Amino acid sequence: MLTVNRLSSAEARILIEGAAAKAAEQNTPQCVAVTDESGHLIDFTRMDGGKVSSISIAIDKAFTSAVARKGTHVYNELCQSGKPTFGIHVTNGGHFSIIGGGLPVTVKGEIVGGIGVSSGTAAQDQQVAEAALEHFYAKTGYTA
């Protein structure tokens with residue numbers, strides 16, 4: 001029997017709060033998705049002005065970071081022609097994202113979920129995801 005730790009809906013909301021604050025600071029309305037450790041959606045928000053096309057992208061970034069256990073920016077670097085993971089972006093029904101802005105959420109070294117952010121540049125999305133994690137750890141007292 002396995003015991004699985006995962007984010008609660010209240011904890012997912014804390015991540016979204018942190019992301020929204022950073023996005024507002026950047027003046028870049030974002031779509032923000034939070035998944036459990038299996039990549040299933042827990043919570044989602046599309047800020048006023050967030051791109052409609054970014055809804056599924058944010059969800060895919062959260063999915064990828066949770067199930068692949070790395071930030072999506074890492075796969076962007078690895079998914080180049082001739083690299084070992086080239087082609088991974090077309091797996092999982094096309095839901096595997098290699099665009100920066102998706103990060104796994106870890107608590108005490110265990111992945112408990114993923115966050116995906118989309119609507120800005122990949123660098124802006126990444127900064128918002130990082131800020132969401134910082135806010136999450138500060139507010140909950142958890143450690144990565």
# chains A, B, ... in the order shown; residues from 1 in each chain; ligands from 1

call {"tool": "residues_around", "arguments": {"residues": "region 11-13 of chain A", "least_positions_apart": "2", "cutoff": "7 Å", "atoms": "only C-alpha atoms", "output": "ChimeraX atom specification"}}
result
/A:7-9,15-17,34,42-43

call {"tool": "select_by_dssp", "arguments": {"residues": "chain A", "states": "strand (DSSP E)", "output": "JSON, numbers by chain"}}
result
{"A": [31, 32, 33, 34, 35, 36, 41, 42, 43, 44, 45, 46, 102, 103, 104, 105, 106, 107, 110, 111, 112, 113, 114, 115, 116, 117, 118]}

call {"tool": "residues_around", "arguments": {"residues": "region 53-60 of chain A", "least_positions_apart": "2", "cutoff": "8 Å", "atoms": "only C-alpha atoms", "output": "ChimeraX atom specification"}}
result
/A:31-35,41,46,50-51,62-64,95-97,101-102,115-119

call {"tool": "write_last_selection", "arguments": {"atoms": "all heavy atoms", "output": "compact mmCIF listing (two decimals), in the first residue's frame"}}
result
# COMPACT_ATOMS: atom_id res chain seq x y z
N CYS A 31 -2.67 33.00 -17.15
CA CYS A 31 -3.46 31.80 -16.85
C CYS A 31 -2.57 30.97 -15.93
O CYS A 31 -1.38 30.79 -16.21
CB CYS A 31 -3.76 31.02 -18.12
SG CYS A 31 -4.90 31.85 -19.23
N VAL A 32 -3.14 30.48 -14.83
CA VAL A 32 -2.37 29.72 -13.85
C VAL A 32 -3.12 28.43 -13.53
O VAL A 32 -4.30 28.47 -13.16
CB VAL A 32 -2.14 30.53 -12.56
CG1 VAL A 32 -1.28 29.74 -11.58
CG2 VAL A 32 -1.53 31.89 -12.86
N ALA A 33 -2.43 27.31 -13.66
CA ALA A 33 -3.01 26.00 -13.36
C ALA A 33 -2.18 25.31 -12.28
O ALA A 33 -0.96 25.43 -12.26
CB ALA A 33 -3.03 25.13 -14.61
N VAL A 34 -2.87 24.60 -11.40
CA VAL A 34 -2.20 23.80 -10.38
C VAL A 34 -2.77 22.39 -10.46
O VAL A 34 -3.99 22.19 -10.48
CB VAL A 34 -2.43 24.38 -8.96
CG1 VAL A 34 -1.76 23.51 -7.91
CG2 VAL A 34 -1.90 25.81 -8.88
N THR A 35 -1.86 21.41 -10.52
CA THR A 35 -2.26 20.00 -10.58
C THR A 35 -1.76 19.26 -9.35
O THR A 35 -0.90 19.74 -8.63
CB THR A 35 -1.69 19.30 -11.82
OG1 THR A 35 -0.26 19.25 -11.72
CG2 THR A 35 -2.11 19.99 -13.11
N LEU A 41 -5.78 18.31 -12.74
CA LEU A 41 -6.06 19.69 -12.35
C LEU A 41 -6.75 19.78 -10.99
O LEU A 41 -7.72 19.07 -10.73
CB LEU A 41 -6.95 20.34 -13.43
CG LEU A 41 -7.16 21.84 -13.32
CD1 LEU A 41 -5.85 22.60 -13.50
CD2 LEU A 41 -8.18 22.29 -14.37
N ARG A 46 -7.86 32.24 -14.78
CA ARG A 46 -7.45 33.06 -15.92
C ARG A 46 -7.70 34.50 -15.50
O ARG A 46 -8.84 34.93 -15.33
CB ARG A 46 -8.27 32.71 -17.16
CG ARG A 46 -7.88 33.55 -18.36
CD ARG A 46 -8.63 33.07 -19.61
NE ARG A 46 -8.87 34.18 -20.47
CZ ARG A 46 -9.99 34.37 -21.15
NH1 ARG A 46 -10.97 33.51 -21.06
NH2 ARG A 46 -10.11 35.41 -21.92
N GLY A 50 -5.87 37.49 -19.47
CA GLY A 50 -5.08 36.30 -19.79
C GLY A 50 -5.54 35.74 -21.13
O GLY A 50 -6.73 35.76 -21.46
N LYS A 51 -4.62 35.25 -21.92
CA LYS A 51 -4.93 34.79 -23.27
C LYS A 51 -5.75 33.49 -23.24
O LYS A 51 -5.44 32.57 -22.50
CB LYS A 51 -3.64 34.53 -24.06
CG LYS A 51 -2.80 35.76 -24.26
CD LYS A 51 -1.48 35.39 -24.91
CE LYS A 51 -0.55 36.57 -24.99
NZ LYS A 51 0.79 36.16 -25.48
N ALA A 62 1.63 22.63 -16.07
CA ALA A 62 1.47 22.07 -14.72
C ALA A 62 1.53 20.54 -14.77
O ALA A 62 2.18 19.91 -13.95
CB ALA A 62 0.16 22.55 -14.11
N PHE A 63 0.84 19.95 -15.73
CA PHE A 63 0.86 18.49 -15.91
C PHE A 63 2.29 17.99 -16.09
O PHE A 63 2.74 17.08 -15.40
CB PHE A 63 0.01 18.11 -17.13
CG PHE A 63 0.23 16.71 -17.62
CD1 PHE A 63 -0.43 15.65 -17.04
CD2 PHE A 63 1.11 16.47 -18.68
CE1 PHE A 63 -0.22 14.35 -17.49
CE2 PHE A 63 1.33 15.17 -19.14
CZ PHE A 63 0.66 14.11 -18.54
N THR A 64 3.00 18.60 -17.01
CA THR A 64 4.37 18.16 -17.33
C THR A 64 5.28 18.26 -16.12
O THR A 64 6.02 17.32 -15.82
CB THR A 64 4.94 19.00 -18.49
OG1 THR A 64 4.11 18.85 -19.63
CG2 THR A 64 6.37 18.58 -18.83
N HIS A 95 0.28 16.67 -24.57
CA HIS A 95 0.18 17.50 -23.36
C HIS A 95 1.52 17.76 -22.69
O HIS A 95 1.56 18.44 -21.68
CB HIS A 95 -0.78 16.86 -22.35
CG HIS A 95 -2.18 16.82 -22.84
ND1 HIS A 95 -2.96 17.95 -22.98
CD2 HIS A 95 -2.94 15.79 -23.26
CE1 HIS A 95 -4.14 17.60 -23.47
NE2 HIS A 95 -4.16 16.30 -23.64
N PHE A 96 2.59 17.22 -23.23
CA PHE A 96 3.90 17.41 -22.63
C PHE A 96 4.45 18.74 -23.13
O PHE A 96 4.64 18.94 -24.31
CB PHE A 96 4.85 16.27 -23.04
CG PHE A 96 6.04 16.16 -22.15
CD1 PHE A 96 6.08 15.21 -21.14
CD2 PHE A 96 7.13 16.98 -22.32
CE1 PHE A 96 7.18 15.10 -20.31
CE2 PHE A 96 8.24 16.88 -21.49
CZ PHE A 96 8.26 15.93 -20.49
N SER A 97 4.67 19.67 -22.21
CA SER A 97 5.12 21.02 -22.57
C SER A 97 6.61 21.19 -22.34
O SER A 97 7.14 20.75 -21.32
CB SER A 97 4.36 22.06 -21.74
OG SER A 97 4.81 23.36 -22.09
N GLY A 101 7.83 27.87 -17.65
CA GLY A 101 6.68 28.36 -16.91
C GLY A 101 5.95 27.27 -16.14
O GLY A 101 4.95 27.53 -15.49
N GLY A 102 6.49 26.05 -16.18
CA GLY A 102 5.93 24.96 -15.40
C GLY A 102 6.96 24.47 -14.41
O GLY A 102 8.11 24.22 -14.78
N ILE A 115 2.74 23.45 -11.00
CA ILE A 115 2.14 24.73 -11.34
C ILE A 115 2.56 25.09 -12.76
O ILE A 115 3.71 24.88 -13.15
CB ILE A 115 2.51 25.86 -10.35
CG1 ILE A 115 1.78 27.16 -10.72
CG2 ILE A 115 4.01 26.05 -10.24
CD1 ILE A 115 1.78 28.22 -9.65
N GLY A 116 1.60 25.58 -13.52
CA GLY A 116 1.88 26.02 -14.89
C GLY A 116 1.33 27.42 -15.10
O GLY A 116 0.21 27.72 -14.68
N VAL A 117 2.13 28.26 -15.75
CA VAL A 117 1.77 29.65 -15.99
C VAL A 117 1.95 29.96 -17.46
O VAL A 117 2.97 29.59 -18.05
CB VAL A 117 2.66 30.59 -15.13
CG1 VAL A 117 2.32 32.04 -15.39
CG2 VAL A 117 2.56 30.24 -13.66
N SER A 118 0.97 30.65 -18.06
CA SER A 118 1.08 31.00 -19.47
C SER A 118 0.30 32.27 -19.77
O SER A 118 -0.78 32.47 -19.23
CB SER A 118 0.56 29.86 -20.34
OG SER A 118 0.74 30.14 -21.71
N SER A 119 0.85 33.08 -20.61
CA SER A 119 0.29 34.29 -21.24
C SER A 119 1.35 35.34 -21.48
O SER A 119 1.17 36.21 -22.31
CB SER A 119 -0.88 34.93 -20.47
OG SER A 119 -2.08 34.29 -20.76

call {"tool": "closest_residue", "arguments": {"among": "A:Pro84, A:Glu130, A:Lys61, A:Arg69", "to": "Ile98 (chain A)", "atoms": "only C-alpha atoms"}}
result
A:Lys61

call {"tool": "closest_residue", "arguments": {"among": "A:Gly141, A:Gly18, A:Gly82, A:Gly71", "to": "Leu103 (chain A)", "atoms": "only C-alpha atoms"}}
result
A:Gly71

call {"tool": "select_by_dssp", "arguments": {"residues": "region 45-85 of chain A", "states": "helix (DSSP H, G or I)", "output": "MDAnalysis selection string"}}
result
chainID A and resid 54:67 72:78

call {"tool": "atom_distance", "arguments": {"atom1": "CA of Lys70 (chain A)", "atom2": "CA of Asn5 (chain A)"}}
result
17.6 Å

call {"tool": "closest_atom_pairs", "arguments": {"of": "region 63-119 of chain A", "to": "region 133-138 of chain A", "cutoff": "10 Å", "atoms": "only C-alpha atoms", "output": "CSV"}}
result
residue,atom,partner,partner_atom,distance
A:Leu103,CA,A:Leu133,CA,8.6
A:Pro104,CA,A:Leu133,CA,9.1
A:Val105,CA,A:Leu133,CA,7.2
A:Thr106,CA,A:Leu133,CA,9.2
A:Val107,CA,A:Tyr137,CA,8.8
A:Gly114,CA,A:Leu133,CA,10.0
A:Ile115,CA,A:Leu133,CA,8.6

call {"tool": "write_last_selection", "arguments": {"atoms": "N, CA and C atoms", "output": "PDB file, in the first residue's frame"}}
result
ATOM      1  N   LEU A 103       6.558  24.332 -13.141  1.00  0.00           N
ATOM      2  CA  LEU A 103       7.478  23.867 -12.104  1.00  0.00           C
ATOM      3  C   LEU A 103       6.792  22.839 -11.212  1.00  0.00           C
ATOM      4  N   PRO A 104       7.546  21.813 -10.793  1.00  0.00           N
ATOM      5  CA  PRO A 104       6.972  20.894  -9.815  1.00  0.00           C
ATOM      6  C   PRO A 104       6.884  21.570  -8.450  1.00  0.00           C
ATOM      7  N   VAL A 105       5.913  21.160  -7.668  1.00  0.00           N
ATOM      8  CA  VAL A 105       5.767  21.646  -6.291  1.00  0.00           C
ATOM      9  C   VAL A 105       6.233  20.506  -5.394  1.00  0.00           C
ATOM     10  N   THR A 106       7.264  20.777  -4.613  1.00  0.00           N
ATOM     11  CA  THR A 106       7.810  19.747  -3.724  1.00  0.00           C
ATOM     12  C   THR A 106       7.655  20.168  -2.272  1.00  0.00           C
ATOM     13  N   VAL A 107       7.427  19.183  -1.445  1.00  0.00           N
ATOM     14  CA  VAL A 107       7.392  19.375  -0.002  1.00  0.00           C
ATOM     15  C   VAL A 107       8.255  18.292   0.609  1.00  0.00           C
ATOM     16  N   GLY A 114       2.070  20.318  -9.373  1.00  0.00           N
ATOM     17  CA  GLY A 114       2.755  21.117 -10.378  1.00  0.00           C
ATOM     18  C   GLY A 114       2.015  22.421 -10.588  1.00  0.00           C
ATOM     19  N   ILE A 115       2.744  23.447 -10.999  1.00  0.00           N
ATOM     20  CA  ILE A 115       2.137  24.728 -11.343  1.00  0.00           C
ATOM     21  C   ILE A 115       2.556  25.089 -12.760  1.00  0.00           C
TER      22      ILE A 115
END

call {"tool": "closest_residue", "arguments": {"among": "A:Ile14, A:Ser81, A:Ser38, A:Gln26", "to": "Ala123 (chain A)", "atoms": "only C-alpha atoms"}}
result
A:Gln26

call {"tool": "atom_distance", "arguments": {"atom1": "CA of Met47 (chain A)", "atom2": "CA of Gln127 (chain A)"}}
result
16.3 Å

call {"tool": "atom_distance", "arguments": {"atom1": "CA of Glu25 (chain A)", "atom2": "CA of Val112 (chain A)"}}
result
27.1 Å

call {"tool": "closest_residue", "arguments": {"among": "A:Ile111, A:Ile88, A:Cys79, A:Ala23", "to": "Gln126 (chain A)", "atoms": "only C-alpha atoms"}}
result
A:Ala23

call {"tool": "closest_residue", "arguments": {"among": "A:Thr28, A:Asn92, A:Gln80, A:Thr85", "to": "Val67 (chain A)", "atoms": "only C-alpha atoms"}}
result
A:Asn92
